[in-house]
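Containing TSV, C-alpha atoms: final_38.tsv.
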```tsv
chain	number	residue	atom	x	y	z
A	1	MET	CA	-53.52	7.98	51.31
A	2	THR	CA	-53.13	11.49	50.01
A	3	ALA	CA	-53.68	12.55	46.40
A	4	ILE	CA	-49.92	12.80	45.93
A	5	ASP	CA	-49.44	9.23	47.20
A	6	GLU	CA	-52.06	8.00	44.74
A	7	LEU	CA	-50.31	9.76	41.83
A	8	LEU	CA	-46.94	8.31	42.84
A	9	ALA	CA	-48.43	4.83	43.10
A	10	ASP	CA	-49.84	5.11	39.59
A	11	ALA	CA	-46.49	6.36	38.23
A	12	ARG	CA	-44.43	3.55	39.78
A	13	ILE	CA	-42.40	1.65	37.17
A	14	PRO	CA	-42.87	-2.09	37.43
A	15	THR	CA	-39.65	-3.97	38.15
A	16	GLY	CA	-40.82	-7.52	37.56
A	17	PRO	CA	-40.35	-9.25	34.20
A	18	ARG	CA	-43.06	-8.81	31.61
A	19	ASP	CA	-45.07	-11.84	30.74
A	20	GLY	CA	-43.67	-13.52	27.66
A	21	PHE	CA	-40.42	-11.44	27.49
A	22	ASP	CA	-37.48	-13.68	26.50
A	23	VAL	CA	-34.31	-12.19	27.96
A	24	GLY	CA	-32.06	-14.72	26.19
A	25	ALA	CA	-33.60	-13.98	22.80
A	26	ALA	CA	-33.17	-10.25	23.36
A	27	LEU	CA	-29.50	-10.69	24.22
A	28	ARG	CA	-28.99	-12.82	21.12
A	29	ARG	CA	-30.59	-10.11	18.96
A	30	LEU	CA	-28.29	-7.49	20.47
A	31	ALA	CA	-25.25	-9.69	19.84
A	32	ALA	CA	-26.32	-10.31	16.25
A	33	ASP	CA	-26.81	-6.57	15.65
A	34	ALA	CA	-23.36	-5.80	17.09
A	35	ALA	CA	-21.76	-8.51	14.92
A	36	ALA	CA	-23.47	-7.12	11.81
A	37	VAL	CA	-22.10	-3.64	12.52
A	38	ALA	CA	-18.58	-5.01	13.13
A	39	ALA	CA	-18.70	-7.09	9.95
A	40	LYS	CA	-19.48	-4.06	7.80
A	41	PRO	CA	-16.44	-1.75	7.86
A	42	HIS	CA	-16.56	1.84	6.68
A	43	PRO	CA	-16.27	2.25	2.87
A	44	ASP	CA	-13.11	4.34	3.31
A	45	THR	CA	-11.51	1.50	5.28
A	46	VAL	CA	-12.42	-0.98	2.54
A	47	ARG	CA	-11.05	1.32	-0.17
A	48	ALA	CA	-7.76	1.79	1.69
A	49	ALA	CA	-7.35	-1.96	2.25
A	50	GLN	CA	-8.03	-2.74	-1.41
A	51	ALA	CA	-5.52	-0.10	-2.52
A	52	GLY	CA	-2.88	-1.61	-0.24
A	53	GLN	CA	-3.53	-5.07	-1.67
A	54	ARG	CA	-3.30	-3.82	-5.25
A	55	LEU	CA	-0.08	-1.98	-4.46
A	56	SER	CA	1.53	-5.12	-3.03
A	57	VAL	CA	0.57	-7.11	-6.12
A	58	VAL	CA	1.92	-4.43	-8.48
A	59	CYS	CA	5.17	-4.25	-6.48
A	60	ARG	CA	5.66	-8.01	-6.58
A	61	TRP	CA	4.99	-8.03	-10.32
A	62	ILE	CA	7.60	-5.29	-10.86
A	63	LEU	CA	10.11	-7.07	-8.63
A	64	ASN	CA	9.66	-10.32	-10.58
A	65	LYS	CA	10.30	-8.74	-13.99
A	66	PRO	CA	13.34	-10.27	-15.78
A	67	ASP	CA	15.25	-6.97	-15.98
A	68	ALA	CA	14.48	-5.78	-12.43
A	69	ALA	CA	17.84	-6.84	-11.01
A	70	ASP	CA	19.73	-5.28	-13.96
A	71	HIS	CA	18.21	-1.89	-13.20
A	72	VAL	CA	19.04	-2.14	-9.49
A	73	ASP	CA	22.56	-3.17	-10.49
A	74	ARG	CA	22.93	0.00	-12.56
A	75	LEU	CA	21.44	2.04	-9.73
A	76	ALA	CA	24.03	0.56	-7.36
A	77	GLN	CA	26.89	1.60	-9.68
A	78	GLU	CA	25.80	5.22	-10.02
A	79	HIS	CA	27.79	7.82	-8.12
A	80	ASP	CA	24.81	9.87	-6.97
A	81	ALA	CA	21.43	8.19	-7.01
A	82	SER	CA	19.76	10.92	-4.94
A	83	THR	CA	19.22	13.25	-7.89
A	84	VAL	CA	17.22	12.76	-11.05
A	85	ASP	CA	20.26	13.69	-13.19
A	86	HIS	CA	22.12	10.57	-12.00
A	87	LEU	CA	19.33	8.04	-11.64
A	88	ASP	CA	18.35	4.81	-13.30
A	89	VAL	CA	14.64	5.57	-13.09
A	90	ASP	CA	13.53	1.97	-13.53
A	91	GLY	CA	16.03	0.93	-10.86
A	92	ALA	CA	14.54	3.49	-8.48
A	93	LEU	CA	11.08	2.05	-9.14
A	94	VAL	CA	12.23	-1.53	-8.47
A	95	PHE	CA	14.11	-0.48	-5.33
A	96	ALA	CA	11.03	1.38	-4.06
A	97	CYS	CA	8.86	-1.68	-4.61
A	98	LEU	CA	11.37	-3.84	-2.72
A	99	LEU	CA	11.36	-1.34	0.14
A	100	HIS	CA	7.57	-1.42	0.23
A	101	LEU	CA	7.42	-5.21	0.34
A	102	THR	CA	9.97	-5.33	3.16
A	103	ASP	CA	7.94	-2.86	5.28
A	104	HIS	CA	10.04	0.27	4.70
A	105	ARG	CA	7.07	2.25	3.41
A	106	GLU	CA	8.38	5.79	3.96
A	107	SER	CA	11.61	4.93	2.16
A	108	ALA	CA	9.59	3.43	-0.68
A	109	GLN	CA	7.66	6.68	-1.00
A	110	PHE	CA	10.93	8.63	-1.26
A	111	TRP	CA	12.21	6.48	-4.15
A	112	TRP	CA	8.84	6.42	-5.92
A	113	GLN	CA	8.82	10.20	-5.77
A	114	LEU	CA	12.30	10.35	-7.32
A	115	ALA	CA	11.19	8.08	-10.16
A	116	ALA	CA	7.86	9.85	-10.62
A	117	GLY	CA	9.65	13.21	-10.69
A	118	ALA	CA	11.62	11.88	-13.65
A	119	GLY	CA	8.36	11.10	-15.45
A	120	HIS	CA	7.94	7.42	-14.58
A	121	ARG	CA	4.18	6.81	-14.68
A	122	ALA	CA	4.34	3.42	-12.97
A	123	ALA	CA	6.01	5.09	-9.99
A	124	ALA	CA	3.26	7.73	-9.96
A	125	TYR	CA	0.65	4.97	-10.00
A	126	CYS	CA	2.37	3.29	-7.04
A	127	LEU	CA	2.26	6.62	-5.19
A	128	HIS	CA	-1.44	6.91	-6.01
A	129	LEU	CA	-2.12	3.50	-4.42
A	130	HIS	CA	0.28	4.22	-1.54
A	131	HIS	CA	-1.54	7.40	-0.51
A	132	LEU	CA	-4.94	5.82	-1.11
A	133	SER	CA	-4.01	2.98	1.25
A	134	LEU	CA	-3.20	5.59	3.91
A	135	GLY	CA	-6.53	7.37	3.40
A	136	GLU	CA	-4.75	10.42	1.94
A	137	THR	CA	-7.23	11.05	-0.86
A	138	ARG	CA	-5.96	14.46	-1.94
A	139	GLU	CA	-2.42	13.18	-2.50
A	140	ALA	CA	-3.81	10.04	-4.18
A	141	ARG	CA	-5.78	12.19	-6.65
A	142	HIS	CA	-2.67	14.24	-7.42
A	143	TRP	CA	-0.60	11.21	-8.37
A	144	LEU	CA	-3.45	9.66	-10.35
A	145	HIS	CA	-3.54	12.89	-12.36
A	146	GLU	CA	0.20	12.51	-12.98
A	147	VAL	CA	-0.50	9.03	-14.35
A	148	THR	CA	-3.33	9.99	-16.68
A	149	ASP	CA	-2.34	13.55	-17.68
A	150	ASP	CA	-1.95	13.59	-21.47
A	151	VAL	CA	-1.11	17.28	-21.94
A	152	LEU	CA	2.52	16.52	-22.77
A	153	ASP	CA	2.18	12.84	-23.59
A	154	SER	CA	-0.42	11.44	-25.96
A	155	GLU	CA	0.51	7.92	-24.80
A	156	ALA	CA	-0.78	8.51	-21.28
A	157	PRO	CA	-2.82	5.58	-19.97
A	158	ASP	CA	-6.57	6.14	-19.79
A	159	GLY	CA	-9.17	4.95	-17.32
A	160	THR	CA	-9.73	1.70	-19.21
A	161	PHE	CA	-6.05	0.81	-18.96
A	162	LEU	CA	-5.99	1.47	-15.21
A	163	ALA	CA	-9.18	-0.55	-14.70
A	164	THR	CA	-7.56	-3.44	-16.57
A	165	LEU	CA	-4.42	-3.16	-14.46
A	166	GLU	CA	-6.45	-3.27	-11.26
A	167	ALA	CA	-8.42	-6.26	-12.57
A	168	VAL	CA	-5.16	-8.10	-13.24
A	169	ALA	CA	-3.91	-7.22	-9.76
A	170	THR	CA	-7.12	-8.58	-8.24
A	171	TYR	CA	-6.81	-11.79	-10.27
A	172	VAL	CA	-3.20	-12.34	-9.21
A	173	ARG	CA	-4.09	-11.77	-5.56
A	174	ARG	CA	-7.05	-14.17	-5.64
A	175	THR	CA	-5.37	-16.96	-7.58
A	176	GLY	CA	-2.06	-16.88	-5.73
A	177	SER	CA	-0.01	-16.49	-8.89
A	178	SER	CA	3.77	-16.87	-8.66
A	179	LEU	CA	3.95	-13.16	-9.43
A	180	ALA	CA	2.61	-12.54	-5.94
A	181	SER	CA	5.40	-14.39	-4.14
A	182	ALA	CA	6.88	-12.29	-1.35
A	183	PRO	CA	10.61	-11.47	-1.08
A	184	THR	CA	12.79	-14.05	0.58
A	185	GLY	CA	14.32	-13.57	3.99
A	186	GLY	CA	17.68	-12.87	2.36
A	187	LEU	CA	16.37	-9.81	0.56
A	188	GLU	CA	14.58	-8.59	3.66
A	189	MET	CA	17.74	-8.89	5.74
A	190	GLU	CA	19.77	-7.00	3.14
A	191	VAL	CA	17.27	-4.14	3.12
A	192	ASP	CA	17.32	-4.11	6.93
A	193	ARG	CA	21.11	-3.89	6.73
A	194	LEU	CA	20.85	-0.80	4.53
A	195	ALA	CA	18.37	0.67	6.99
A	196	THR	CA	20.79	0.23	9.91
A	197	GLU	CA	23.55	1.95	7.93
A	198	LYS	CA	21.57	5.17	7.48
A	199	THR	CA	22.87	8.22	9.33
A	200	ASP	CA	20.55	10.99	10.47
A	201	SER	CA	17.40	10.04	8.56
A	202	CYS	CA	14.68	7.51	9.26
A	203	ILE	CA	14.36	7.05	5.49
A	204	ILE	CA	16.71	4.97	3.34
A	205	VAL	CA	18.02	7.61	0.94
A	206	GLN	CA	21.31	5.95	0.00
A	207	ARG	CA	21.41	3.87	-3.14
A	208	PRO	CA	21.35	0.08	-2.98
A	209	ASP	CA	24.76	-1.58	-3.11
A	210	ARG	CA	26.11	-4.39	-5.28
A	211	ARG	CA	25.51	-6.93	-2.54
A	212	LEU	CA	21.78	-6.29	-2.64
A	213	ALA	CA	21.80	-6.22	-6.45
A	214	ASP	CA	23.51	-9.63	-6.55
A	215	LEU	CA	20.92	-11.12	-4.20
A	216	LEU	CA	18.14	-9.67	-6.34
A	217	HIS	CA	19.72	-11.35	-9.41
A	218	ASP	CA	19.54	-14.68	-7.54
A	219	PHE	CA	15.95	-13.99	-6.50
A	220	THR	CA	14.72	-13.23	-10.04
A	221	ARG	CA	16.51	-16.29	-11.45
A	222	ARG	CA	14.66	-18.50	-8.95
```
Serialized structure, structure tokens:
Amino acid sequence: MTAIDELLADARIPTGPRDGFDVGAALRRLAADAAAVAAKPHPDTVRAAQAGQRLSVVCRWILNKPDAADHVDRLAQEHDASTVDHLDVDGALVFACLLHLTDHRESAQFWWQLAAGAGHRAAAYCLHLHHLSLGETREARHWLHEVTDDVLDSEAPDGTFLATLEAVATYVRRTGSSLASAPTGGLEMEVDRLATEKTDSCIIVQRPDRRLADLLHDFTRR
């Protein structure tokens, strides 16, 4: 045997199992490690999911308010609901929340922006949560500033108020309060009908009609 053969023999990697090595235990450890990684989502993912949950609770609360249908009724009677000059701002907020809860999220954003542009802070807060749920942190910060900015309004809500609102939203979600009840199929079908009547836009920009307002009256009475 040459010197090279001796060196190669010494460098040979053993292929047999090591004494005392438990293959099954090793596989179980690997599976447990993989499960631990999968069970711990990224903080940004958690933040976005929590924002989406809070937004749904806030929307359901707004939709269940006693005067919600009245505002949508007035919005339905207006001649031009696409401009701030001819807009029941509260009706636009309620309509946006209904659109969100019936999975027309882009249309909801459009109507929230109309209401927020008219100075409605609740609509701005909904936009904050909407963008946060999409991971759009810059836009979310902008709308949160619109909620809390007190330069022109000394009554602007502060951080304590918003923390309380989020605590209430968390409580409603966890306890299954009646405020968190989802829209009925009738409302969802009416919104889908409006969506099919749109022309060249994927967003519902036309105002709600009296038919939808009447169904919302029935919904809030129940």
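Across the structure, atom CA of A:His130 and atom CA of A:Leu101 are spaced 12.0 Å apart.
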Measuring atom to atom with all atoms listed in the file, identify which of A:Val191, A:Leu98, A:Ile204, A:Leu127 is nearest to A:Asn64. A:Leu98
Which residues are near stretch 133-145 of chain A? Cut-off 9 Å, all atoms listed in the file, ignore same chain within fewer than 4 positions. Put them as an mmCIF file with C-alpha atoms, in the coordinates of the input.
```
data_model
loop_
_atom_site.group_PDB
_atom_site.id
_atom_site.type_symbol
_atom_site.label_atom_id
_atom_site.label_comp_id
_atom_site.auth_asym_id
_atom_site.auth_seq_id
_atom_site.Cartn_x
_atom_site.Cartn_y
_atom_site.Cartn_z
ATOM 1 C CA ASP A 44 -13.110 4.340 3.310
ATOM 2 C CA THR A 45 -11.510 1.500 5.280
ATOM 3 C CA ARG A 47 -11.050 1.320 -0.170
ATOM 4 C CA ALA A 48 -7.760 1.790 1.690
ATOM 5 C CA ALA A 49 -7.350 -1.960 2.250
ATOM 6 C CA GLN A 50 -8.030 -2.740 -1.410
ATOM 7 C CA ALA A 51 -5.520 -0.100 -2.520
ATOM 8 C CA GLY A 52 -2.880 -1.610 -0.240
ATOM 9 C CA GLN A 53 -3.530 -5.070 -1.670
ATOM 10 C CA LEU A 55 -0.080 -1.980 -4.460
ATOM 11 C CA ALA A 116 7.860 9.850 -10.620
ATOM 12 C CA ALA A 124 3.260 7.730 -9.960
ATOM 13 C CA TYR A 125 0.650 4.970 -10.000
ATOM 14 C CA CYS A 126 2.370 3.290 -7.040
ATOM 15 C CA LEU A 127 2.260 6.620 -5.190
ATOM 16 C CA HIS A 128 -1.440 6.910 -6.010
ATOM 17 C CA LEU A 129 -2.120 3.500 -4.420
ATOM 18 C CA ASP A 149 -2.340 13.550 -17.680
#
```
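Note that the spacing between atom CA of A:Leu194 and atom CA of A:Asp209 amounts to 8.6 Å.
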Could you check which of A:Val147, A:Trp111, A:Asp73, A:His100 is closest to A:Gln206, using only C-alpha atoms? A:Trp111
In Å, with one decimal, what is the gap from atom CA of A:Phe95 to atom CA of A:Gly186? 15.0 Å
Counting all atoms listed in the file, which residue out of A:Ala34, A:Arg221, A:Ala25, A:His104 sits closest to A:Thr196? A:His104
Do you know which residues are at most 6 Å from A:Asp88 counting only C-alpha atoms, after dropping those on the same chain fewer than 2 positions away, and could you put them as a compact mmCIF listing (two decimals) with C-alpha atoms, keeping the file's coordinate frame?
```txt
# COMPACT_ATOMS: atom_id res chain seq x y z
CA LEU A 75 21.44 2.04 -9.73
CA ASP A 90 13.53 1.97 -13.53
CA GLY A 91 16.03 0.93 -10.86
```
